[in-house]
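*Asks:* Let me begin by handing over the structure; questions about it come next.
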Amino acid sequence: MKLPIYLDYHSTTPVDPEVLRTMVPYFTEIFGNAASRNHEYGWTAEAAVEKAREQVARLIGASAKEIVFTSGATESDNLALLGAAEMYAEKGNHIITTPIEHKAILDTCAYLEKKGLSVTYLPVDSTGRVSPEAVRNAITPKTILVSVMAANNEVGTINPIAEIGKVCKEKGVLFHSDAVQAIGKVPVDVESMGIDLLSVSAHKMYGPKGVGALYVRRKNPRVRLSPVIHGGGHERGMRSGTLNVPGIVGFGKAAEIAGREMEREGVRLKALRDRLWDGIREALDEVYANGHPTERLPGNLNVSFAYVEGESLMLGMKELSVSSGSACTSASLEPSYVLRKMGVGDDLAHTSIRFGLGRFTTEEEIDYAIGKVISTVKKLRDLSPLYEMVKEGIDLKSVSWSAH
Amino acid sequence: MKYNDKVIDHYENPKNVGSLDKNSPNVGTGMVGAPECGDVMKLQLEIDEKTNVIKDAKFKTFGCGSAIASSSLATEWVKGKTIDEALAIRNTEIVEELSLPPVKIHCSVLAEEAIKAAVSDYMSKRKNPSKE
């Protein structure tokens with residue numbers, strides 16, 4: 001077993017060896033520009049891109065022509081929001097989203113607000129889910145787009161996307177979903193879910209970094225977007241720039257593998273995730289799983305270890321590469337905005353750790369992780385004045401703290 | 001965040017972890033910070049009432065590695081010092097000793113405040129011994 005153990009698969013994933021093998025020739029022998037329509041090198045590159053387009057489309061139930069390749073999901077999110085806002089400016093100026101979206105959505109919405117658009121941030125419940133009824137009630141005649149993430153990157157909660165898609169269809173409003181975390185982990189189907197725009201990224205599903213896609217619906221309705229990047233008119237004019245052929249080829253292969261392995265992998269990861277959680281909660285008191293008990297990504301476990309600060313916990317278990325909702329792990333001095341919006345108190349948000357399991361996680365690694373988590377939490381609780389007070393029977397809520 | 005070795009050392013081998021009898025007239029307890037802010041320090045000083053020398057110091061801290069290191073260092077520094085000497089410790093000295101980056105300076109501030117709070121608790125006990 002190699003240390004440290006990687007348990008941060010929501011952040012990024014290693015390129016699958018099968019993906020890498022597929023990519024390699026496209027750096028050297030098959031190096032043509034996919035836009036070179038007049039010679040063999042160009043045709044070969046183009047054929048490879050079209051194959052990948054097919055592979056990505058198949059994973060989400062789309063047709064190949066509806067896939068626009070981008071540099072990643074941040075660009076896809078920007079293109080979806082900025083492109084729709086500009087293209088449909090005459091129809092309206094209102095966007096609906098949630099406060100627990102990725103920053104690629106939230107910061108783009110903030111930018112659009114500065115430009116004069118109005119944005120509604122729907123509340124989420126304590127599990128991180130958005131209600132389709134709330135979406136319905138928020139739609140106005142001025143609404144042009146609803147953007148709701150398929151699965152959350154911190155707590156793994158899966159939103160009722162099909163129901164939200166149905167509401168949007170009924171109301172005639174475009175529906176975008178950031179599906180970066182969901183794709184290849186749980187089934188996503190743009191047809192049955194009524195999705196018009198969908199952001200995906202290769203590196204979260206064992207493909208290379210620097211490549212992603214935006215699904216743009218071509219019929220019922222035909223979605224049009226103003227480009228954000230201008231140039232040679234690649235990707236149906238929606239995203240200019242020479243295509244990243246090796247990256248796209250790898251993305252295609254990663255999508256093919258994900259489609260093939262998703263079901264089996266989901267079962268395996270869920271079992272490992274449950275093993276991790278059971279191991280933790282059987283040994284420690286006052287640990288809380290954040291997110292939804294069932295509607296969650298199979299590889300996600302987000303836990304608050306009460307009375308133990310997240311960053312010090314990470315420091316104590318350096319052998320595990322995880323992430324934390326604690327403020328101390330960011331420069332902002334504020335704990336996770338996702339947990340906050342779910343109503344998790346700041347005190348518990350500071351103690352949260354996200355475990356992200358993936359394709360190469362083994363049972364041996366999970367068992368090691370359980371042991372490490374337990375010993376570190378126990379050590380830090382011995383050091384925690386809060387844990388001591390609670391054990392003495394003091395209600396921490398009754399204490400007047402000197403907040404700073 | 002990458003820590004320097006001194007912080008790691010205090011974190012891995014914290015000095016003077018534990019609790020003193022908070023009801024003892026010779027023990028001053030300082031508790032600063034808040035759970036919502038992600039750090040709480042409890043620092044306790046046992047003081048010789050004749051010489052005003054700090055005979056023992058203990059801490060418990062909920063917080064990041066720097067917060068734990070700052071409080072561990074503070075307990076080491078105050079031991080053997082008089083109250084006045086302990087009160088003269090500045091957070092900037094802790095920052096320097098542990099090479100804390102700007103985002104962690106508040107940890108050192110908290111440690112300085114904890115010393116002051118503990119001394120102030122001791123002083124108020126001396127003034128109102130009837131509370132015992």
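Chain labels A, B, ... are given in the sequence in which chains occur in the structure tokens; within each chain residues are numbered consecutively from 1, and ligands are likewise numbered from 1 in the order shown.
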Could you write out as a ChimeraX atom specification the residues of chain A within 12 Å of chain B, counting only C-alpha atoms?
*Replies:* /A:305-318,323-336,340,344-352,376-377,379-389,396-397,399-404
*Asks:* Quick one: residues within 8 Å of region 284-295 of chain A, only C-alpha atoms counted, chain neighbours fewer than 4 positions away excluded, as a list in words?
*Replies:*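 What passes the distance filter is Ser126, Thr127, Gly128, Val155, Gly156, Thr157, Ile158, Asn159, Ile280, Leu301, Asn302, Val303, Ser304, Phe305, Ala306, Leu339 and Ile374 of chain A.
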*Asks:* Could those selected residues go to a file with N, CA and C atoms, as a PDB file, in the first residue's frame?
*Replies:*
```pdb
ATOM      1  N   SER A 126     -31.634  20.665   4.520  1.00  0.00           N
ATOM      2  CA  SER A 126     -30.496  20.311   5.371  1.00  0.00           C
ATOM      3  C   SER A 126     -29.640  19.197   4.760  1.00  0.00           C
ATOM      4  N   THR A 127     -30.148  18.545   3.714  1.00  0.00           N
ATOM      5  CA  THR A 127     -29.340  17.511   3.060  1.00  0.00           C
ATOM      6  C   THR A 127     -28.647  18.061   1.814  1.00  0.00           C
ATOM      7  N   GLY A 128     -28.951  19.319   1.483  1.00  0.00           N
ATOM      8  CA  GLY A 128     -28.320  19.938   0.308  1.00  0.00           C
ATOM      9  C   GLY A 128     -29.132  19.814  -0.964  1.00  0.00           C
ATOM     10  N   VAL A 155     -20.644  17.582  -0.420  1.00  0.00           N
ATOM     11  CA  VAL A 155     -21.404  16.598   0.352  1.00  0.00           C
ATOM     12  C   VAL A 155     -21.971  15.472  -0.500  1.00  0.00           C
ATOM     13  N   GLY A 156     -21.792  15.550  -1.820  1.00  0.00           N
ATOM     14  CA  GLY A 156     -22.194  14.452  -2.695  1.00  0.00           C
ATOM     15  C   GLY A 156     -23.691  14.306  -2.911  1.00  0.00           C
ATOM     16  N   THR A 157     -24.468  15.263  -2.398  1.00  0.00           N
ATOM     17  CA  THR A 157     -25.922  15.159  -2.538  1.00  0.00           C
ATOM     18  C   THR A 157     -26.355  15.269  -4.001  1.00  0.00           C
ATOM     19  N   ILE A 158     -27.241  14.356  -4.401  1.00  0.00           N
ATOM     20  CA  ILE A 158     -27.745  14.334  -5.769  1.00  0.00           C
ATOM     21  C   ILE A 158     -29.093  15.054  -5.807  1.00  0.00           C
ATOM     22  N   ASN A 159     -29.209  16.025  -6.681  1.00  0.00           N
ATOM     23  CA  ASN A 159     -30.453  16.797  -6.787  1.00  0.00           C
ATOM     24  C   ASN A 159     -31.509  16.067  -7.620  1.00  0.00           C
ATOM     25  N   ILE A 280     -15.841   4.342  11.304  1.00  0.00           N
ATOM     26  CA  ILE A 280     -15.672   5.596  12.047  1.00  0.00           C
ATOM     27  C   ILE A 280     -16.718   5.720  13.148  1.00  0.00           C
ATOM     28  N   LEU A 301     -18.115  10.716   1.227  1.00  0.00           N
ATOM     29  CA  LEU A 301     -18.467  10.714   2.647  1.00  0.00           C
ATOM     30  C   LEU A 301     -17.959  12.020   3.237  1.00  0.00           C
ATOM     31  N   ASN A 302     -18.875  12.800   3.788  1.00  0.00           N
ATOM     32  CA  ASN A 302     -18.513  14.077   4.400  1.00  0.00           C
ATOM     33  C   ASN A 302     -18.920  14.015   5.866  1.00  0.00           C
ATOM     34  N   VAL A 303     -17.947  14.121   6.739  1.00  0.00           N
ATOM     35  CA  VAL A 303     -18.209  13.901   8.162  1.00  0.00           C
ATOM     36  C   VAL A 303     -17.760  15.090   9.009  1.00  0.00           C
ATOM     37  N   SER A 304     -18.607  15.469   9.968  1.00  0.00           N
ATOM     38  CA  SER A 304     -18.181  16.440  10.982  1.00  0.00           C
ATOM     39  C   SER A 304     -17.757  15.662  12.223  1.00  0.00           C
ATOM     40  N   PHE A 305     -16.514  15.913  12.635  1.00  0.00           N
ATOM     41  CA  PHE A 305     -15.985  15.290  13.852  1.00  0.00           C
ATOM     42  C   PHE A 305     -16.042  16.354  14.943  1.00  0.00           C
ATOM     43  N   ALA A 306     -17.161  16.394  15.668  1.00  0.00           N
ATOM     44  CA  ALA A 306     -17.379  17.484  16.620  1.00  0.00           C
ATOM     45  C   ALA A 306     -16.192  17.658  17.565  1.00  0.00           C
ATOM     46  N   LEU A 339     -21.871  23.802   3.461  1.00  0.00           N
ATOM     47  CA  LEU A 339     -22.405  23.325   4.743  1.00  0.00           C
ATOM     48  C   LEU A 339     -23.246  24.408   5.411  1.00  0.00           C
ATOM     49  N   ILE A 374      -9.561   7.370  13.445  1.00  0.00           N
ATOM     50  CA  ILE A 374      -9.942   7.145  14.839  1.00  0.00           C
ATOM     51  C   ILE A 374      -8.835   7.606  15.789  1.00  0.00           C
TER      52      ILE A 374
END
```
*Asks:* Please identify which residues in chain B DSSP calls strand (DSSP E) from the backbone, and express them as a list in words.
*Replies:* Val27, Gly28, Thr29, Gly30, Met31, Val32, Gly33, Ala34, Asp39, Val40, Met41, Lys42, Leu43, Gln44, Leu45, Glu46, Ile47, Ile54, Lys55, Asp56, Ala57, Lys58, Phe59, Lys60, Thr61 and Phe62 of chain B
*Asks:* Quick one: everything within 9 Å of Leu100 (chain B), counting only C-alpha atoms, minus sequence neighbours fewer than 5 positions away in the same chain. Send it as an MDAnalysis selection string.
*Replies:* chainID B and resid 3:4 7 66 94:95 105 107:108
*Asks:* Which residues are near Ile67 (chain A)? Cut-off 9 Å, only C-alpha atoms, ignore same chain within fewer than 6 positions. Put them as a list of chain:residue names.
*Replies:*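 The residues satisfying every condition are A:Arg53, A:Glu54, A:Val56, A:Ala57, A:Ala213, A:Leu214, A:Tyr215, A:Val216, A:Arg217, A:Glu235.
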*Asks:* Need to verify the contact set: Thr75 (chain B), 7 Å, only C-alpha atoms, exclusion of same-chain residues closer than 6 positions in sequence. Can you return it as a PyMOL selection string?
*Replies:* chain B and resi 16+57-58
*Asks:* For the residues in that selection, give me C-alpha atoms as a short mmCIF file (atom, residue, chain, number, x, y, z; two decimals), in the first residue's frame.
*Replies:*
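That gives us again-v9.cif:
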```cif
data_model
loop_
_atom_site.label_atom_id
_atom_site.label_comp_id
_atom_site.auth_asym_id
_atom_site.auth_seq_id
_atom_site.Cartn_x
_atom_site.Cartn_y
_atom_site.Cartn_z
CA ASN B 16 1.88 20.84 28.73
CA ALA B 57 0.91 25.89 32.87
CA LYS B 58 -1.46 23.65 30.95
#
```
